[in-house]
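Peer 1: Sending over structure.cif (mmCIF, C-alpha atoms).
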data_run
#
loop_
_atom_site.label_atom_id
_atom_site.label_comp_id
_atom_site.auth_asym_id
_atom_site.auth_seq_id
_atom_site.Cartn_x
_atom_site.Cartn_y
_atom_site.Cartn_z
CA ALA Y 257 52.73 -34.12 -45.22
CA LEU Y 258 50.52 -31.56 -46.90
CA LEU Y 259 46.78 -31.42 -46.21
CA LEU Y 260 44.41 -29.71 -48.62
CA PHE Y 261 41.03 -28.73 -47.16
CA VAL Y 262 37.80 -29.03 -49.14
CA GLY Y 263 34.47 -27.38 -48.34
CA VAL Y 264 34.69 -27.35 -44.56
CA THR Y 265 33.38 -24.31 -42.71
CA PHE Y 266 34.64 -23.45 -39.25
CA VAL Y 267 33.65 -20.88 -36.65
CA ALA Y 268 36.49 -19.98 -34.33
CA PRO Y 269 35.31 -19.31 -30.73
CA ALA Y 270 36.36 -15.91 -29.47
CA ALA Y 271 38.36 -17.54 -26.66
CA VAL Y 272 40.52 -19.49 -29.13
CA PRO Y 273 43.50 -17.62 -30.65
CA GLY Y 274 43.20 -17.10 -34.38
CA PRO Y 275 40.84 -15.44 -36.81
CA ALA Y 276 37.39 -14.58 -35.55
CA GLY Y 277 34.29 -15.43 -37.52
CA PRO Y 278 33.72 -18.08 -40.21
CA PHE Y 279 36.36 -19.16 -42.66
CA THR Y 280 36.36 -21.88 -45.30
CA CYS Y 281 39.05 -24.30 -46.40
CA GLU Y 282 39.35 -27.46 -48.44
CA CYS Y 283 40.44 -30.95 -47.47
CA VAL Y 284 41.51 -33.87 -49.66
CA GLY Y 285 42.17 -37.28 -48.12
CA ASP Y 286 41.58 -38.49 -44.57
CA THR Y 287 39.34 -35.97 -42.77
CA SER Y 288 39.44 -37.77 -39.38
CA VAL Y 289 41.99 -35.22 -38.18
CA LEU Y 290 39.20 -32.64 -38.32
CA GLU Y 291 36.88 -34.45 -35.93
CA PRO Y 292 38.12 -32.65 -32.77
CA VAL Y 293 37.75 -29.30 -34.53
CA LEU Y 294 34.26 -30.11 -35.80
CA LEU Y 295 33.24 -31.29 -32.32
CA GLN Y 296 34.52 -28.02 -30.85
CA GLN Y 297 32.50 -26.11 -33.44
CA GLN Y 298 29.34 -28.01 -32.53
CA GLN Y 299 29.89 -27.39 -28.82
CA HIS Y 300 30.50 -23.70 -29.45
CA SER Y 301 27.31 -23.47 -31.51
CA LYS Y 302 25.34 -25.02 -28.64
CA TRP Y 303 26.95 -22.59 -26.20
CA GLN Y 304 25.96 -19.67 -28.46
CA ALA Y 305 22.39 -20.94 -28.62
CA HIS Y 306 22.20 -21.17 -24.81
CA GLN Y 307 23.64 -17.67 -24.48
CA ALA Y 308 21.03 -16.32 -26.90
CA ALA Y 309 18.26 -18.07 -24.97
CA ASP Y 310 19.53 -16.61 -21.69
CA ALA Y 311 19.64 -13.14 -23.23
CA ARG Y 312 16.07 -13.15 -24.51
CA GLY Y 313 14.65 -14.91 -21.45
CA PRO Y 314 12.57 -18.09 -21.49
CA PRO Y 315 9.39 -18.12 -23.61
CA GLY Y 316 7.71 -19.89 -20.74
CA CYS Y 317 6.82 -23.31 -19.38
CA ASN Y 318 4.08 -24.71 -17.17
CA VAL Y 319 5.11 -25.34 -13.57
CA LEU Y 320 3.16 -27.19 -10.88
CA VAL Y 321 4.16 -26.55 -7.27
CA VAL Y 322 2.34 -29.02 -5.02
CA TYR Y 323 2.83 -29.39 -1.29
CA VAL Y 324 1.54 -30.53 2.08
CA SER Y 325 1.57 -28.05 4.94
CA LYS Y 326 0.20 -28.53 8.43
CA GLU Y 327 1.68 -25.51 10.23
CA ASN Y 328 2.05 -23.14 7.23
CA HIS Y 329 5.85 -23.41 7.08
CA THR Y 330 5.83 -25.52 3.92
CA ARG Y 331 3.05 -23.39 2.43
CA HIS Y 332 5.16 -20.23 2.83
CA LEU Y 333 8.18 -21.91 1.24
CA ALA Y 334 5.95 -23.23 -1.56
CA ALA Y 335 4.79 -19.68 -2.31
CA ALA Y 336 8.41 -18.54 -2.54
CA VAL Y 337 9.29 -21.42 -4.89
CA ALA Y 338 6.28 -20.58 -7.09
CA SER Y 339 7.27 -16.91 -7.11
CA GLY Y 340 10.75 -17.83 -8.31
CA ALA Y 341 9.35 -20.13 -10.99
CA ALA Y 342 7.14 -17.29 -12.26
CA SER Y 343 10.01 -14.80 -12.50
CA GLY Y 344 11.26 -14.53 -16.06
CA ASN Y 345 8.93 -17.33 -17.14
CA GLY Y 346 7.44 -15.44 -20.08
CA SER Y 347 4.02 -16.75 -21.01
CA GLY Y 348 4.36 -19.82 -18.81
CA GLN Y 349 1.78 -20.62 -16.17
CA ILE Y 350 2.24 -21.54 -12.51
CA ARG Y 351 -0.11 -23.66 -10.44
CA LEU Y 352 0.44 -23.55 -6.67
CA LEU Y 353 -1.69 -26.26 -5.07
CA ASP Y 354 -2.06 -28.16 -1.84
CA THR Y 355 -2.27 -31.91 -2.39
CA SER Y 356 -5.97 -31.76 -1.51
CA GLN Y 357 -6.46 -29.48 -4.54
CA ALA Y 358 -4.08 -31.15 -7.01
CA SER Y 359 -4.94 -33.92 -9.44
CA VAL Y 360 -3.15 -36.18 -11.89
CA SER Y 361 -4.26 -33.88 -14.72
CA ASP Y 362 -2.21 -31.08 -13.13
CA VAL Y 363 0.88 -33.28 -13.22
CA VAL Y 364 0.28 -34.24 -16.86
CA TRP Y 365 -0.25 -30.55 -17.76
CA ALA Y 366 3.02 -29.39 -16.21
CA ASP Y 367 6.44 -29.23 -17.84
CA ALA Y 368 7.96 -29.13 -14.34
CA VAL Y 369 6.61 -30.48 -11.06
CA ILE Y 370 8.08 -29.24 -7.78
CA LEU Y 371 7.10 -31.23 -4.69
CA GLY Y 372 7.16 -29.88 -1.15
CA SER Y 373 6.83 -31.76 2.11
CA PRO Y 374 7.35 -31.21 5.81
CA THR Y 375 9.71 -33.73 7.39
CA TYR Y 376 7.42 -36.40 8.82
CA ASN Y 377 9.41 -38.71 11.10
CA ALA Y 378 12.34 -38.36 8.68
CA ALA Y 379 10.06 -39.31 5.77
CA VAL Y 380 7.81 -37.77 3.13
CA HIS Y 381 4.44 -36.74 4.50
CA PRO Y 382 1.93 -39.57 3.80
CA GLU Y 383 -0.49 -37.25 2.00
CA LEU Y 384 2.13 -36.16 -0.52
CA GLN Y 385 3.36 -39.73 -1.01
CA ALA Y 386 -0.21 -40.88 -1.61
CA PHE Y 387 -0.59 -38.21 -4.30
CA ILE Y 388 2.66 -39.33 -5.96
CA ASN Y 389 1.47 -42.95 -5.83
CA SER Y 390 -1.62 -42.00 -7.85
CA TRP Y 391 0.41 -40.91 -10.89
CA PRO Y 392 0.18 -42.92 -14.12
CA PHE Y 393 2.91 -45.29 -15.32
CA ASP Y 394 1.96 -44.92 -18.99
CA GLY Y 395 5.00 -42.82 -19.94
CA ARG Y 396 3.27 -39.43 -20.09
CA LEU Y 397 5.45 -38.06 -17.29
CA ARG Y 398 8.78 -39.21 -18.71
CA GLY Y 399 11.13 -36.33 -19.57
CA LYS Y 400 9.42 -33.75 -17.38
CA VAL Y 401 11.54 -31.80 -14.90
CA GLY Y 402 11.17 -32.47 -11.19
CA GLY Y 403 12.16 -30.43 -8.17
CA THR Y 404 11.83 -30.70 -4.40
CA PHE Y 405 11.67 -28.61 -1.25
CA VAL Y 406 11.26 -29.49 2.38
CA THR Y 407 10.77 -27.99 5.83
CA SER Y 408 12.13 -29.43 9.05
CA GLY Y 409 12.16 -28.69 12.74
CA GLY Y 410 15.89 -29.27 13.08
CA THR Y 411 19.09 -29.46 11.12
CA THR Y 412 19.47 -33.23 11.57
CA ALA Y 413 15.79 -34.13 11.77
CA GLY Y 414 15.79 -35.99 8.43
CA HIS Y 415 15.07 -33.37 5.77
CA GLU Y 416 17.76 -34.62 3.37
CA LEU Y 417 16.25 -38.10 3.62
CA VAL Y 418 12.94 -36.57 2.53
CA LEU Y 419 14.59 -34.85 -0.43
CA ALA Y 420 16.29 -38.09 -1.47
CA SER Y 421 13.03 -40.01 -1.22
CA LEU Y 422 11.21 -37.45 -3.36
CA HIS Y 423 14.03 -37.59 -5.93
CA ALA Y 424 13.66 -41.37 -6.12
CA SER Y 425 9.91 -41.12 -6.62
CA LEU Y 426 10.34 -38.56 -9.41
CA GLN Y 427 12.92 -40.73 -11.13
CA ILE Y 428 10.64 -43.78 -10.97
CA PHE Y 429 8.25 -41.85 -13.23
CA GLY Y 430 11.04 -40.71 -15.56
CA PHE Y 431 11.50 -37.14 -14.35
CA VAL Y 432 14.74 -35.25 -14.84
CA VAL Y 433 15.56 -34.04 -11.31
CA ALA Y 434 16.85 -30.47 -11.24
CA ALA Y 435 19.86 -29.52 -9.17
CA GLY Y 436 19.69 -26.29 -7.21
CA PRO Y 437 21.45 -23.07 -8.22
CA SER Y 438 24.27 -23.56 -5.69
CA TRP Y 439 25.72 -26.18 -3.41
CA VAL Y 440 23.62 -24.82 -0.53
CA THR Y 441 20.41 -25.93 -2.27
CA ALA Y 442 21.91 -28.62 -4.51
CA LEU Y 443 19.30 -31.20 -3.47
CA GLY Y 444 16.39 -28.77 -3.22
CA ALA Y 445 15.11 -25.77 -1.30
CA TYR Y 446 14.68 -26.12 2.45
CA GLU Y 447 13.74 -24.33 5.66
CA ILE Y 448 14.75 -25.10 9.24
CA GLU Y 449 11.98 -23.95 11.56
CA ALA Y 450 13.02 -24.50 15.17
CA GLU Y 451 16.81 -24.26 15.40
CA THR Y 452 17.44 -21.15 13.34
CA ALA Y 453 19.02 -18.87 15.93
CA ALA Y 454 20.82 -21.67 17.78
CA THR Y 455 22.57 -23.46 14.91
CA LEU Y 456 22.44 -21.27 11.81
CA GLY Y 457 23.85 -18.04 13.12
CA GLY Y 458 20.55 -16.22 13.27
CA PHE Y 459 19.39 -16.89 9.70
CA ASP Y 460 15.71 -16.02 9.48
CA ASP Y 461 12.81 -16.87 7.16
CA ARG Y 462 14.00 -14.38 4.56
CA TYR Y 463 17.14 -16.45 3.99
CA PHE Y 464 15.21 -19.66 3.37
CA LEU Y 465 12.50 -18.00 1.28
CA GLU Y 466 15.12 -16.42 -0.96
CA GLY Y 467 16.65 -19.86 -1.40
CA GLY Y 468 13.22 -21.13 -2.38
CA ARG Y 469 12.76 -18.37 -4.96
CA ARG Y 470 16.14 -19.06 -6.51
CA TYR Y 471 15.44 -22.77 -6.63
CA GLY Y 472 12.05 -22.28 -8.27
CA ALA Y 473 13.59 -20.06 -10.94
CA THR Y 474 16.28 -22.66 -11.63
CA VAL Y 475 13.77 -25.49 -12.09
CA ALA Y 476 11.58 -23.43 -14.43
CA HIS Y 477 14.58 -22.36 -16.48
CA LEU Y 478 15.74 -25.96 -16.91
CA ALA Y 479 12.24 -27.07 -17.94
CA ASP Y 480 12.07 -24.30 -20.52
CA ARG Y 481 15.45 -25.26 -21.99
CA LEU Y 482 14.46 -28.91 -22.29
CA ARG Y 483 11.19 -27.94 -24.00
CA GLY Y 484 13.11 -25.81 -26.52
#
So, in terms of structure tokens, how does the structure I just supplied come out?

Peer 2:
Amino acid sequence: ALLLFVGVTFVAPAAVPGPAGPFTCECVGDTSVLEPVLLQQQQHSKWQAHQAADARGPPGCNVLVVYVSKENHTRHLAAAVASGAASGNGSGQIRLLDTSQASVSDVVWADAVILGSPTYNAAVHPELQAFINSWPFDGRLRGKVGGTFVTSGGTTAGHELVLASLHASLQIFGFVVAAGPSWVTALGAYEIEAETAATLGGFDDRYFLEGGRRYGATVAHLADRLRG
């Protein structure tokens, strides 16, 4: 069978053998055979757009980092997360607030909201949960990006339960929950306060704070992409 191609323009990805750059051809008859090629072209165009965005850096998004801290551990991790969110964030703004300072208007203002809690009997600290419970259900928060971080006294003291609970709360309000930059912080940034030398091979605060910075940058970058 002979196919004649009519007015279809393709762009061949560099990784695919064949001519580079655009070429045109004509098709007469059933064009369904072209659907996989056209889909590949669309996917490649999206990939090129993402690469261009990565190269120029994000134009910026608004990020709210809100936390509860009773012994300053969560506050220090919150500062690291906010620092990461600010890096490469262009003209975007960062608000780093304790729950006593934050309001619903801050949540509405933000493109991304990153919540931080100490592990409180294997649960979210009541003050942070009370702040979350004050958010509106009118749809204004749907589509925003959410992130989480937590501090804990021990490696099995419940911090992943806290992260999971915060994820569920964010999803109730329609947030897109951001994954971390690696499997180590897939569920969110974290810090173990009391068992560092005993169970983590001597990892110190610098290790956890760097994880917080990387996580904050990842959340901000995702929020900027979704805005664009």

Peer 1: Which residues, written as a PyMOL selection string, have at least one atom at most 12 Å from Y:Gly468, with only C-alpha atoms counted and residues fewer than 6 positions away on the same chain left out?

Peer 2: chain Y and resi 321+330-341+370+372+403-407+436-438+440-447+461-462+474-475

Peer 1: Please, could you write that set of residues out with C-alpha atoms as an mmCIF file, in the frame of the given file?

Peer 2:
data_model
loop_
_atom_site.group_PDB
_atom_site.id
_atom_site.type_symbol
_atom_site.label_atom_id
_atom_site.label_comp_id
_atom_site.auth_asym_id
_atom_site.auth_seq_id
_atom_site.Cartn_x
_atom_site.Cartn_y
_atom_site.Cartn_z
ATOM 1 C CA VAL Y 321 4.160 -26.550 -7.270
ATOM 2 C CA THR Y 330 5.830 -25.520 3.920
ATOM 3 C CA ARG Y 331 3.050 -23.390 2.430
ATOM 4 C CA HIS Y 332 5.160 -20.230 2.830
ATOM 5 C CA LEU Y 333 8.180 -21.910 1.240
ATOM 6 C CA ALA Y 334 5.950 -23.230 -1.560
ATOM 7 C CA ALA Y 335 4.790 -19.680 -2.310
ATOM 8 C CA ALA Y 336 8.410 -18.540 -2.540
ATOM 9 C CA VAL Y 337 9.290 -21.420 -4.890
ATOM 10 C CA ALA Y 338 6.280 -20.580 -7.090
ATOM 11 C CA SER Y 339 7.270 -16.910 -7.110
ATOM 12 C CA GLY Y 340 10.750 -17.830 -8.310
ATOM 13 C CA ALA Y 341 9.350 -20.130 -10.990
ATOM 14 C CA ILE Y 370 8.080 -29.240 -7.780
ATOM 15 C CA GLY Y 372 7.160 -29.880 -1.150
ATOM 16 C CA GLY Y 403 12.160 -30.430 -8.170
ATOM 17 C CA THR Y 404 11.830 -30.700 -4.400
ATOM 18 C CA PHE Y 405 11.670 -28.610 -1.250
ATOM 19 C CA VAL Y 406 11.260 -29.490 2.380
ATOM 20 C CA THR Y 407 10.770 -27.990 5.830
ATOM 21 C CA GLY Y 436 19.690 -26.290 -7.210
ATOM 22 C CA PRO Y 437 21.450 -23.070 -8.220
ATOM 23 C CA SER Y 438 24.270 -23.560 -5.690
ATOM 24 C CA VAL Y 440 23.620 -24.820 -0.530
ATOM 25 C CA THR Y 441 20.410 -25.930 -2.270
ATOM 26 C CA ALA Y 442 21.910 -28.620 -4.510
ATOM 27 C CA LEU Y 443 19.300 -31.200 -3.470
ATOM 28 C CA GLY Y 444 16.390 -28.770 -3.220
ATOM 29 C CA ALA Y 445 15.110 -25.770 -1.300
ATOM 30 C CA TYR Y 446 14.680 -26.120 2.450
ATOM 31 C CA GLU Y 447 13.740 -24.330 5.660
ATOM 32 C CA ASP Y 461 12.810 -16.870 7.160
ATOM 33 C CA ARG Y 462 14.000 -14.380 4.560
ATOM 34 C CA THR Y 474 16.280 -22.660 -11.630
ATOM 35 C CA VAL Y 475 13.770 -25.490 -12.090
#

Peer 1: Evaluate the PyMOL selection byres ((chain Y and resi 360-367) around 12) against this structure - the residues, as a PyMOL selection string, please.

Peer 2: chain Y and resi 316-322+341+348-359+368-371+386-403+426+429+431-432+475-484

Peer 1: Tell me which of Y:Ile448, Y:Ile428, Y:Ala435, Y:Leu422 sits closest to Y:His381, counting all atoms listed in the file.

Peer 2: Y:Leu422

Peer 1: Can you work out the spacing between atom CA of Y:Glu416 and atom CA of Y:Gly344 in Å, to one decimal?

Peer 2: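 Those two atoms sit 28.7 Å apart.
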
Peer 1: Could you work out how far atom CA of Y:Asn328 lies from atom CA of Y:Ala424, giving the answer in Å with one decimal?

Peer 2: 25.4 Å

Peer 1: Given all atoms listed in the file as the basis, pick out the residue of Y:Trp439, Y:Tyr323, Y:His329, Y:Val433 nearest to Y:Ala420.

Peer 2: Y:Val433

Peer 1: One number please: atom CA of Y:Val324 to atom CA of Y:Val418, in Å, one decimal.

Peer 2: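 So the answer is 12.9 Å.
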
Peer 1: Residues at most 10 Å from Y:Tyr376, counting all atoms listed in the file, excluding those fewer than 4 positions away in the same chain, as a ChimeraX atom specification?

Peer 2: /Y:380-382,407-409,413-415,418

Peer 1: Those same residues - C-alpha atoms - I'd like them written as an mmCIF file, in the coordinates of the input.

Peer 2:
data_model
loop_
_atom_site.group_PDB
_atom_site.id
_atom_site.type_symbol
_atom_site.label_atom_id
_atom_site.label_comp_id
_atom_site.auth_asym_id
_atom_site.auth_seq_id
_atom_site.Cartn_x
_atom_site.Cartn_y
_atom_site.Cartn_z
ATOM 1 C CA VAL Y 380 7.810 -37.770 3.130
ATOM 2 C CA HIS Y 381 4.440 -36.740 4.500
ATOM 3 C CA PRO Y 382 1.930 -39.570 3.800
ATOM 4 C CA THR Y 407 10.770 -27.990 5.830
ATOM 5 C CA SER Y 408 12.130 -29.430 9.050
ATOM 6 C CA GLY Y 409 12.160 -28.690 12.740
ATOM 7 C CA ALA Y 413 15.790 -34.130 11.770
ATOM 8 C CA GLY Y 414 15.790 -35.990 8.430
ATOM 9 C CA HIS Y 415 15.070 -33.370 5.770
ATOM 10 C CA VAL Y 418 12.940 -36.570 2.530
#
